[in-house]
Amino acid sequence: MKHYDSLKKIFENLSQLHYCQRILTWDEAVLMPEGAGIYRAKTMGYLNQLIQRQTATKKIRTLIEFAKSENLSNWDSANLKWMERKYREASCIPLKLNTQWVETSLSAFQAWRKYREQNNWKDFLPYLEKSFNLILEIARRKSETLQLSPYGALIDHFSPGLTEQKIDDFFKSLKITIPDLRKQIIEKQSQNN
């Protein structure tokens, strides 16, 4: 299990960097002074770049391949699959694109807070369009690697195992259920008046 143990150590260190990312994200949303947004976006972009560089290495790919032949528990096998997934995600997106996405999405979130208060959606639109275009490109690249549709690749990032088909089936059942439920609610409300 020496290859798997080496991977665990690397991913433990990466988790510390992810923890720093979460603290900076929380601070940006709660305490960061106005005007510091551009610097925070650059810092988050750099930190994300650091994480991606350390995740998408040949060393990790080699360790994963060797670890697959080790005698692992069910837990460790599942963890190895998760590590491989993180490696594949980090490897399929160019570093520059991923950094641009992190910086753009953070800048867009900051702009959204500002323009939302002003009800100024016209000035927010360029941020939204740039974010949308970048995430489309990321989705396209992930879909090629994961053998999913671009939408499926985005779903899989946030909810591994959830598929487009499951979502479609859920909404189809709602489409059938809601009209009758609506009628029942309206009848019940009319009886109470």
# chains A, B, ... in the order shown; residues from 1 in each chain; ligands from 1

$ select_by_dssp --residues "stretch 33-181 of chain A" --states "helix (DSSP H, G or I)" --output "PDB file with C-alpha atoms, in the first residue's frame"
ATOM      1  CA  GLY A  37     -11.944  42.463  -4.447  1.00  0.00           C
ATOM      2  CA  ILE A  38      -9.488  42.541  -7.335  1.00  0.00           C
ATOM      3  CA  TYR A  39      -6.643  41.509  -5.033  1.00  0.00           C
ATOM      4  CA  ARG A  40      -8.693  38.715  -3.516  1.00  0.00           C
ATOM      5  CA  ALA A  41      -9.666  37.451  -6.970  1.00  0.00           C
ATOM      6  CA  LYS A  42      -5.973  37.348  -7.972  1.00  0.00           C
ATOM      7  CA  THR A  43      -5.046  35.581  -4.734  1.00  0.00           C
ATOM      8  CA  MET A  44      -7.809  33.011  -5.170  1.00  0.00           C
ATOM      9  CA  GLY A  45      -6.762  32.487  -8.787  1.00  0.00           C
ATOM     10  CA  TYR A  46      -3.173  31.894  -7.699  1.00  0.00           C
ATOM     11  CA  LEU A  47      -4.163  29.523  -4.902  1.00  0.00           C
ATOM     12  CA  ASN A  48      -6.385  27.575  -7.266  1.00  0.00           C
ATOM     13  CA  GLN A  49      -3.505  27.419  -9.759  1.00  0.00           C
ATOM     14  CA  LEU A  50      -1.236  26.052  -7.034  1.00  0.00           C
ATOM     15  CA  ILE A  51      -3.769  23.361  -6.139  1.00  0.00           C
ATOM     16  CA  GLN A  52      -4.318  22.417  -9.762  1.00  0.00           C
ATOM     17  CA  ARG A  53      -0.575  22.214 -10.485  1.00  0.00           C
ATOM     18  CA  GLN A  54      -0.061  19.922  -7.507  1.00  0.00           C
ATOM     19  CA  THR A  55      -3.056  17.750  -8.405  1.00  0.00           C
ATOM     20  CA  LYS A  58       2.640  12.819 -13.585  1.00  0.00           C
ATOM     21  CA  LYS A  59       3.657  11.629 -10.128  1.00  0.00           C
ATOM     22  CA  ILE A  60       0.024  11.479  -9.001  1.00  0.00           C
ATOM     23  CA  ARG A  61      -1.016   9.739 -12.205  1.00  0.00           C
ATOM     24  CA  THR A  62       1.738   7.126 -11.703  1.00  0.00           C
ATOM     25  CA  LEU A  63       0.896   6.627  -8.029  1.00  0.00           C
ATOM     26  CA  ILE A  64      -2.777   6.132  -8.922  1.00  0.00           C
ATOM     27  CA  GLU A  65      -1.929   3.489 -11.518  1.00  0.00           C
ATOM     28  CA  PHE A  66       0.305   1.575  -9.108  1.00  0.00           C
ATOM     29  CA  ALA A  67      -2.125   1.944  -6.204  1.00  0.00           C
ATOM     30  CA  ASN A  74     -13.411  -0.916   0.255  1.00  0.00           C
ATOM     31  CA  TRP A  75     -12.976   2.474   1.883  1.00  0.00           C
ATOM     32  CA  ASP A  76      -9.501   2.983   0.440  1.00  0.00           C
ATOM     33  CA  SER A  77     -10.643   1.792  -3.006  1.00  0.00           C
ATOM     34  CA  ALA A  78     -13.432   4.369  -2.971  1.00  0.00           C
ATOM     35  CA  ASN A  79     -10.960   7.025  -1.810  1.00  0.00           C
ATOM     36  CA  LEU A  80      -8.576   6.077  -4.626  1.00  0.00           C
ATOM     37  CA  LYS A  81     -11.414   6.533  -7.147  1.00  0.00           C
ATOM     38  CA  TRP A  82     -12.071   9.974  -5.674  1.00  0.00           C
ATOM     39  CA  MET A  83      -8.364  10.856  -5.971  1.00  0.00           C
ATOM     40  CA  GLU A  84      -8.334   9.688  -9.586  1.00  0.00           C
ATOM     41  CA  ARG A  85     -11.401  11.778 -10.267  1.00  0.00           C
ATOM     42  CA  LYS A  86      -9.709  14.870  -8.791  1.00  0.00           C
ATOM     43  CA  TYR A  87      -6.626  14.154 -10.876  1.00  0.00           C
ATOM     44  CA  ARG A  88      -8.677  13.825 -14.086  1.00  0.00           C
ATOM     45  CA  GLU A  89     -10.630  17.016 -13.375  1.00  0.00           C
ATOM     46  CA  ALA A  90      -7.438  18.964 -12.715  1.00  0.00           C
ATOM     47  CA  SER A  91      -5.732  17.526 -15.802  1.00  0.00           C
ATOM     48  CA  CYS A  92      -8.442  18.186 -18.350  1.00  0.00           C
ATOM     49  CA  LEU A  95      -4.287  26.051 -15.976  1.00  0.00           C
ATOM     50  CA  LYS A  96      -4.890  29.451 -17.559  1.00  0.00           C
ATOM     51  CA  LEU A  97      -8.579  28.699 -18.202  1.00  0.00           C
ATOM     52  CA  ASN A  98      -9.155  27.483 -14.652  1.00  0.00           C
ATOM     53  CA  THR A  99      -7.386  30.507 -13.152  1.00  0.00           C
ATOM     54  CA  GLN A 100      -9.380  32.843 -15.390  1.00  0.00           C
ATOM     55  CA  TRP A 101     -12.594  31.127 -14.260  1.00  0.00           C
ATOM     56  CA  VAL A 102     -11.769  31.519 -10.559  1.00  0.00           C
ATOM     57  CA  GLU A 103     -10.862  35.190 -10.926  1.00  0.00           C
ATOM     58  CA  THR A 104     -13.857  35.946 -13.159  1.00  0.00           C
ATOM     59  CA  SER A 105     -16.404  34.150 -10.981  1.00  0.00           C
ATOM     60  CA  LEU A 106     -15.186  35.912  -7.845  1.00  0.00           C
ATOM     61  CA  SER A 107     -15.232  39.299  -9.599  1.00  0.00           C
ATOM     62  CA  ALA A 108     -18.731  38.529 -10.893  1.00  0.00           C
ATOM     63  CA  PHE A 109     -19.943  37.668  -7.399  1.00  0.00           C
ATOM     64  CA  GLN A 110     -18.540  40.938  -6.078  1.00  0.00           C
ATOM     65  CA  ALA A 111     -20.184  42.857  -8.937  1.00  0.00           C
ATOM     66  CA  TRP A 112     -23.474  41.052  -8.322  1.00  0.00           C
ATOM     67  CA  ARG A 113     -23.559  42.254  -4.720  1.00  0.00           C
ATOM     68  CA  LYS A 114     -22.902  45.828  -5.837  1.00  0.00           C
ATOM     69  CA  TYR A 115     -25.295  45.930  -8.790  1.00  0.00           C
ATOM     70  CA  ARG A 116     -28.040  43.960  -7.053  1.00  0.00           C
ATOM     71  CA  GLU A 117     -28.384  46.711  -4.460  1.00  0.00           C
ATOM     72  CA  GLN A 118     -28.700  49.236  -7.286  1.00  0.00           C
ATOM     73  CA  TRP A 121     -28.574  44.411 -14.181  1.00  0.00           C
ATOM     74  CA  LYS A 122     -27.308  46.109 -17.333  1.00  0.00           C
ATOM     75  CA  ASP A 123     -23.871  46.742 -15.802  1.00  0.00           C
ATOM     76  CA  PHE A 124     -23.806  43.244 -14.307  1.00  0.00           C
ATOM     77  CA  LEU A 125     -24.476  41.577 -17.678  1.00  0.00           C
ATOM     78  CA  PRO A 126     -20.835  41.587 -18.928  1.00  0.00           C
ATOM     79  CA  TYR A 127     -19.722  39.774 -15.752  1.00  0.00           C
ATOM     80  CA  LEU A 128     -22.459  37.204 -16.214  1.00  0.00           C
ATOM     81  CA  GLU A 129     -21.662  36.684 -19.899  1.00  0.00           C
ATOM     82  CA  LYS A 130     -17.935  36.242 -19.271  1.00  0.00           C
ATOM     83  CA  SER A 131     -18.600  33.777 -16.424  1.00  0.00           C
ATOM     84  CA  PHE A 132     -21.088  31.866 -18.526  1.00  0.00           C
ATOM     85  CA  ASN A 133     -18.706  31.580 -21.491  1.00  0.00           C
ATOM     86  CA  LEU A 134     -15.867  30.331 -19.294  1.00  0.00           C
ATOM     87  CA  ILE A 135     -18.006  27.709 -17.570  1.00  0.00           C
ATOM     88  CA  LEU A 136     -19.236  26.514 -20.973  1.00  0.00           C
ATOM     89  CA  GLU A 137     -15.643  25.971 -22.068  1.00  0.00           C
ATOM     90  CA  ILE A 138     -14.810  24.162 -18.824  1.00  0.00           C
ATOM     91  CA  ALA A 139     -17.918  21.991 -19.178  1.00  0.00           C
ATOM     92  CA  ARG A 140     -16.970  21.129 -22.754  1.00  0.00           C
ATOM     93  CA  ARG A 141     -13.474  20.042 -21.726  1.00  0.00           C
ATOM     94  CA  LYS A 142     -14.705  18.045 -18.721  1.00  0.00           C
ATOM     95  CA  SER A 143     -17.345  16.339 -20.845  1.00  0.00           C
ATOM     96  CA  GLU A 144     -14.666  15.024 -23.195  1.00  0.00           C
ATOM     97  CA  THR A 145     -12.651  13.604 -20.302  1.00  0.00           C
ATOM     98  CA  LEU A 146     -15.576  12.221 -18.313  1.00  0.00           C
ATOM     99  CA  PRO A 150     -21.311  19.262 -20.873  1.00  0.00           C
ATOM    100  CA  TYR A 151     -24.365  19.596 -18.615  1.00  0.00           C
ATOM    101  CA  GLY A 152     -23.751  16.109 -17.219  1.00  0.00           C
ATOM    102  CA  ALA A 153     -20.132  17.039 -16.460  1.00  0.00           C
ATOM    103  CA  LEU A 154     -21.261  20.103 -14.488  1.00  0.00           C
ATOM    104  CA  ILE A 155     -23.846  18.092 -12.574  1.00  0.00           C
ATOM    105  CA  ASP A 156     -21.260  15.431 -11.832  1.00  0.00           C
ATOM    106  CA  HIS A 157     -18.869  18.020 -10.385  1.00  0.00           C
ATOM    107  CA  PHE A 158     -21.341  19.109  -7.716  1.00  0.00           C
ATOM    108  CA  GLU A 164     -29.326  14.251 -16.331  1.00  0.00           C
ATOM    109  CA  GLN A 165     -31.718  11.313 -16.642  1.00  0.00           C
ATOM    110  CA  LYS A 166     -32.447  11.303 -12.899  1.00  0.00           C
ATOM    111  CA  ILE A 167     -33.101  15.056 -12.990  1.00  0.00           C
ATOM    112  CA  ASP A 168     -35.332  14.722 -16.075  1.00  0.00           C
ATOM    113  CA  ASP A 169     -37.287  11.888 -14.429  1.00  0.00           C
ATOM    114  CA  PHE A 170     -37.753  13.956 -11.271  1.00  0.00           C
ATOM    115  CA  PHE A 171     -39.137  16.948 -13.184  1.00  0.00           C
ATOM    116  CA  LYS A 172     -41.348  14.697 -15.307  1.00  0.00           C
ATOM    117  CA  SER A 173     -42.911  13.342 -12.118  1.00  0.00           C
ATOM    118  CA  LEU A 174     -43.398  16.913 -10.843  1.00  0.00           C
ATOM    119  CA  LYS A 175     -45.054  17.865 -14.123  1.00  0.00           C
ATOM    120  CA  ILE A 176     -47.582  15.090 -13.533  1.00  0.00           C
ATOM    121  CA  THR A 177     -48.037  15.672  -9.787  1.00  0.00           C
ATOM    122  CA  ILE A 178     -48.159  19.474  -9.505  1.00  0.00           C
ATOM    123  CA  PRO A 179     -51.330  20.230 -11.537  1.00  0.00           C
ATOM    124  CA  ASP A 180     -53.450  17.868  -9.380  1.00  0.00           C
ATOM    125  CA  LEU A 181     -51.785  19.096  -6.202  1.00  0.00           C
TER     126      LEU A 181
END

$ atom_distance --atom1 "atom CA of A:Ile93" --atom2 "atom CA of A:Lys8"
23.0 Å

$ closest_residue --among "A:Gly35, A:Leu24, A:Ala29, A:Lys68" --to "A:His3" --atoms "only C-alpha atoms"
A:Lys68

$ atom_distance --atom1 "atom CA of A:Leu7" --atom2 "atom CA of A:Asn71"
14.6 Å
